[in-house]
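Asks: The structure under discussion is supplied below as structure tokens; questions concerning it will follow.
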Amino acid sequence: MNRIYNYVFIIKRSSSHIKNPNILKTLVPVKPYQSQVDPEKRPSKTKIDADTIALLERLSLVDCANRKGIETLEAAIEFADQIQQVDTTGVDPLITVLEDFPLRLREDEVDDGNCKNDALSNALVTEEDYFVAPPGNIPLETREDLLFEQETNRQ
Amino acid sequence: MNNVLKTSINNVYKLFAENSITPLDVTEASLSHIEHFSKYNAFITVSKNLVENQAIQSERRYKDSKPLSELDGIPIAVKDNFCTQNIATTCASKMLENFKPTYDATVVQKLKQSGAIIMGKTNLDQFAMGSGTVDSIYGPAKNVWGYKSDSDFHIVGGSSGGSALAVATGMCYGAIGSDTGGSTRNPASYCGIVGLKPTYGLVSRYGLIPLVNSMDVPGILSRTVDDCVSILNTVAGFDSKDSTSLTKPYRKIRLPDARKMTVKGLKVGIPQEYFNEHLSTEVYEAWNEIANLLENNGAVVKQISLPNTEHSIVCYSILNQCEVASNMARYNGIQFGFRANENESTEKLFATTRSLGFNEVVRNRILTGNYFLLTRNYDKYFNKALKVRRLIANDFHAAWEKVQILLTPTTLTTAPFYSDFCKKTNRDQCAVQDYCTQPANMAGVPAISIPVKLSKTGLPISIQLIGRNLSEPMLLAVAKYLENIVRFPHYVENL
């Protein structure tokens with residue numbers, strides 16, 4: 001690992017410049033890389049149903065906005081499906097490139113805090129020392145026409 | 001006065017030290033330069049009121065012959081996804097339009113402690129999700145190279161496009177960007193400057209608003225490699241506030257004079273997979289010219305294979321959207337940021353706030369990420385992508401058995417026209433734009449983009465060097481060696 005740090009650059013004055021392009025050798029590949037992904041082998045395109053949209057919108061707490069939003073989602077899934085063709089037999093997931101470094105521990109001492117005013121300073125609505133939220137435990141209503149079929153029919 | 005803005009950090013430092021110019025002079029010149037170039041939209045916030053005081057303090061230190069560092073009094077810009085105490089930090093989104101952090105990101109704190117003048121916050125794609133600096137609520141940044149009019153211009157690249165533009169035009173000497181899939185190197189390439197993506201964990205992410213935690217790194221943009229080294233030496237090193245910060249002590253890099261360097265015996269790899277079908281002829285030829293230049297100077301240049309390169313983009317699209325779905329969960333309107341006018345229920349407040357506060361790209365990535373993370377899809381997409389990520393990282397590990405450094409294009413073409421760029425969707429653009437830059441983020445390895453020449457139409461063409469983990473000293477040395485030979489005509493030289 002340390003070998004490269006010790007690489008010695010200081011030897012002598014360089015005298016070369018970009019040579020005449022006419023006498024360049026071809027050092028880079030001659031032909032563009034051909035994709036190994038076979039479009040024929042892709043799984044059939046995923047169609048998102050109304051239940052899935054309802055679930056995703058509830059989990060995400062954002063809505064698909066319109067028919068185009070659903071199409072974008074389906075296109076993103078189709079694009080991701082290429083990955084199924086990569087052979088990963090016996091390969092472990094790489095969660096972090098620091099997997100070989102143990103996580104540090106620190107002394108169990110208070111080293112932060114006392115910042116109540118700071119913490120509240122960016123909230124738009126506060127009451128005394130509290131953040132304010134509207135009533136909780138009320139499930140989000142499911143949108144009507146989850147797949148925007150009426151919108152499509154109108155067009 | 002403008003001339004001083006064109007020179008290097010080291011030169012300005014010498015001028016400060018011999019008192020032939022003061023930090024206040026340079027700061028004021030920088031401010032008027034920012035004003036002069038405002039139509040290109042590099043900055044979201046200019047800290048006009050704060051910088052003068054900083055400059056006066058810096059001036060005092062030079063008078064006492066006690067500058068804090070070689071960056072004392074040097075104007076630097078910061079991408080608007082790094083927290084800056086009492087300065088708005090928007091991520092170019094409606095969601096954080098009114099957000100004023102109460103603390104500084106570690107990189108900002110280190111710059112301040114070294115005396116650098118933080119000129120302001122630069123434009124980006126919303127939450128750094130993009131490769132053009134076009135998806136910002138403050139409007140697109142416009143490239144000065146080849147600029148004709150506000151409707152006929154080239155993109156600056158992204159997502160750290162504002163930072164790249166600020167440096168290319170001489171508004172400041174260096175800038176901080178972030179790099180998750182190429183967001184520092186891509187705009188560096190299109191704007192004709194140096195862009196460094198350091199080794200993952202070398203520079204603290206504390207205070208960088210996260211996109212993909214396992215790949216994000218603060219990046220450095222500058223006009224020269226020496227300037228890049230000065231900034232890296234200031235911001236790198238262990239930070240107890242970042243659990244992914246490397247604990248190994250950072251040793252400051254000192255590069256020798258370029259004329260005293262050699263690349264004799266340096267083993268350079270040309271990865272075959274980086275000749276993508278969309279690679280333009282001019283970038284291809286520049287890539288070959290630099291390979292020849294290295295060989296003619298004694299380097300051993302050979303082609304190698306990184307077979308999983310092409311899977312990097314699809315792998316990234318899955319991991320990015322999954323981490324985005326998780327990272328964006330914090331924005332709900334209660335503690336900070338935009339809050340919709342909605343009082344019926346908490347859930348409804350969350351949903352309305354998020355639907356109004358995020359743009360379409362962000363919303364789509366959250367929905368898609370949550371789809372990949374559904375119990376029924378978790379193994380098929382998320383876990384699968386993590387396995388492919390290991391294959392990509394292993395490609396690099398295998399390459400270092402054969403070569404010391406990789407030479408590739410940074411971007412496949414020169415900067416596209418804004419009108420052409422906007423014809424494709426955000427995801428399609430990222431697939432093309434990030435092709436050569438993304439794999440380094442998968443493996444965590446450092447990479448640098450340097451401009452090498454102008455195209456026939458006068459746009460910058462850049463190449464990328466990739467090294468193994470913590471090989472920044474070598475990477476920067478080779479970059480400086482090349483920089484000295486190619487003598488790229490910087491934009492500021494024509495001002």
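The way I read the labels, and the way they are meant: chains A, B, ... in the order of the structure tokens, residue 1 as the first residue of every chain, and ligand 1 as the first ligand shown, with later ones counted on from there.
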Show me, as an mmCIF file with all heavy atoms, in the first residue's frame, the residues that have an atom within 10 Å of A:Ala65 when counting only C-alpha atoms, minus same-chain residues fewer than 6 positions from it.
Replies:
```cif
data_model
loop_
_atom_site.group_PDB
_atom_site.id
_atom_site.type_symbol
_atom_site.label_atom_id
_atom_site.label_comp_id
_atom_site.auth_asym_id
_atom_site.auth_seq_id
_atom_site.Cartn_x
_atom_site.Cartn_y
_atom_site.Cartn_z
ATOM 1 N N LEU A 146 -56.013 6.606 -8.267
ATOM 2 C CA LEU A 146 -54.585 6.454 -7.974
ATOM 3 C C LEU A 146 -53.708 6.364 -9.214
ATOM 4 O O LEU A 146 -52.561 6.788 -9.208
ATOM 5 C CB LEU A 146 -54.376 5.200 -7.112
ATOM 6 C CG LEU A 146 -54.652 5.424 -5.627
ATOM 7 C CD1 LEU A 146 -54.901 4.113 -4.919
ATOM 8 C CD2 LEU A 146 -53.506 6.189 -4.973
ATOM 9 N N PHE A 148 -54.375 7.710 -12.095
ATOM 10 C CA PHE A 148 -54.670 8.853 -12.984
ATOM 11 C C PHE A 148 -55.337 8.408 -14.277
ATOM 12 O O PHE A 148 -55.014 8.906 -15.354
ATOM 13 C CB PHE A 148 -53.394 9.650 -13.291
ATOM 14 C CG PHE A 148 -52.740 10.213 -12.064
ATOM 15 C CD1 PHE A 148 -51.625 9.606 -11.522
ATOM 16 C CD2 PHE A 148 -53.246 11.338 -11.441
ATOM 17 C CE1 PHE A 148 -51.020 10.109 -10.377
ATOM 18 C CE2 PHE A 148 -52.649 11.855 -10.291
ATOM 19 C CZ PHE A 148 -51.532 11.238 -9.761
ATOM 20 N N SER B 355 -44.689 17.483 -0.891
ATOM 21 C CA SER B 355 -45.097 17.577 -2.296
ATOM 22 C C SER B 355 -44.822 18.966 -2.851
ATOM 23 O O SER B 355 -44.475 19.119 -4.019
ATOM 24 C CB SER B 355 -46.572 17.219 -2.446
ATOM 25 O OG SER B 355 -46.732 15.824 -2.263
ATOM 26 N N GLU B 360 -39.809 17.748 -8.869
ATOM 27 C CA GLU B 360 -40.234 16.465 -9.428
ATOM 28 C C GLU B 360 -39.130 15.404 -9.339
ATOM 29 O O GLU B 360 -39.409 14.237 -9.049
ATOM 30 C CB GLU B 360 -40.599 16.725 -10.894
ATOM 31 C CG GLU B 360 -41.515 15.709 -11.499
ATOM 32 C CD GLU B 360 -41.774 16.053 -12.959
ATOM 33 O OE1 GLU B 360 -42.135 17.217 -13.244
ATOM 34 O OE2 GLU B 360 -41.590 15.175 -13.813
ATOM 35 N N ARG B 363 -38.912 14.082 -5.757
ATOM 36 C CA ARG B 363 -40.097 13.271 -5.421
ATOM 37 C C ARG B 363 -40.030 11.910 -6.120
ATOM 38 O O ARG B 363 -40.297 10.869 -5.517
ATOM 39 C CB ARG B 363 -41.382 14.005 -5.813
ATOM 40 C CG ARG B 363 -41.663 15.239 -4.954
ATOM 41 C CD ARG B 363 -43.137 15.654 -5.044
ATOM 42 N NE ARG B 363 -43.608 15.789 -6.414
ATOM 43 C CZ ARG B 363 -43.546 16.915 -7.125
ATOM 44 N NH1 ARG B 363 -43.027 18.008 -6.578
ATOM 45 N NH2 ARG B 363 -44.000 16.970 -8.351
ATOM 46 N N ASN B 364 -39.664 11.917 -7.389
ATOM 47 C CA ASN B 364 -39.583 10.655 -8.123
ATOM 48 C C ASN B 364 -38.529 9.726 -7.528
ATOM 49 O O ASN B 364 -38.723 8.523 -7.462
ATOM 50 C CB ASN B 364 -39.250 10.908 -9.596
ATOM 51 C CG ASN B 364 -40.458 11.390 -10.370
ATOM 52 O OD1 ASN B 364 -41.596 11.092 -9.989
ATOM 53 N ND2 ASN B 364 -40.239 12.153 -11.427
#
```
Asks: Using only C-alpha atoms, find which residues of chain B lie within 7 Å of chain A and jot them down as an MDAnalysis selection string.
Replies: chainID B and resid 99:100 102 214 259:263 270 272:273 275:277 288 291:293 297 314:315 318 334:337 343:348 350:351 354:355 363:364 366:368 370:371 383 386:390 443:444 471 473:474 485
Asks: Stretch 38-102 of chain A: which residues are helix (DSSP H, G or I) by DSSP, as an NGL selection string?
Replies: :A and (39-41 or 50-60 or 67-85)
Asks: Between atom CA of B:Ala88 and atom CA of B:Thr169, what is the distance in Å, rounded to a tenth?
Replies: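 For atom CA of B:Ala88 relative to atom CA of B:Thr169, the distance reads 23.5 Å.
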Asks: Enumerate, as a list in words, the complete set of residues in stretch 4-126 of chain B that a backbone-based DSSP assignment places in strand (DSSP E).
Replies: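 Written out, the strand (DSSP E) residues of stretch 4-126 of chain B are Phe43, Ile44, Thr45, Val46, Pro75, Ile76, Ala77, Val78, Lys79, Ile117, Ile118, Met119, Gly120, Lys121 and Thr122 of chain B.
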Asks: So that I can check the surroundings of B:Ser93, please list as a PyMOL selection string every protein, DNA and RNA residue that reaches within 12 Å of it, counting only C-alpha atoms and ignoring chain neighbours fewer than 4 positions away.
Replies: chain B and resi 44+80-81+88-89+97-99+123-129+135-139+331+337-338+354+356-362
Asks: From the set B:Ala166, B:Leu246, B:Val225, B:Ala42, which residue has the shortest atom-to-atom contact distance to A:Asp100, counting only C-alpha atoms?
Replies: B:Leu246
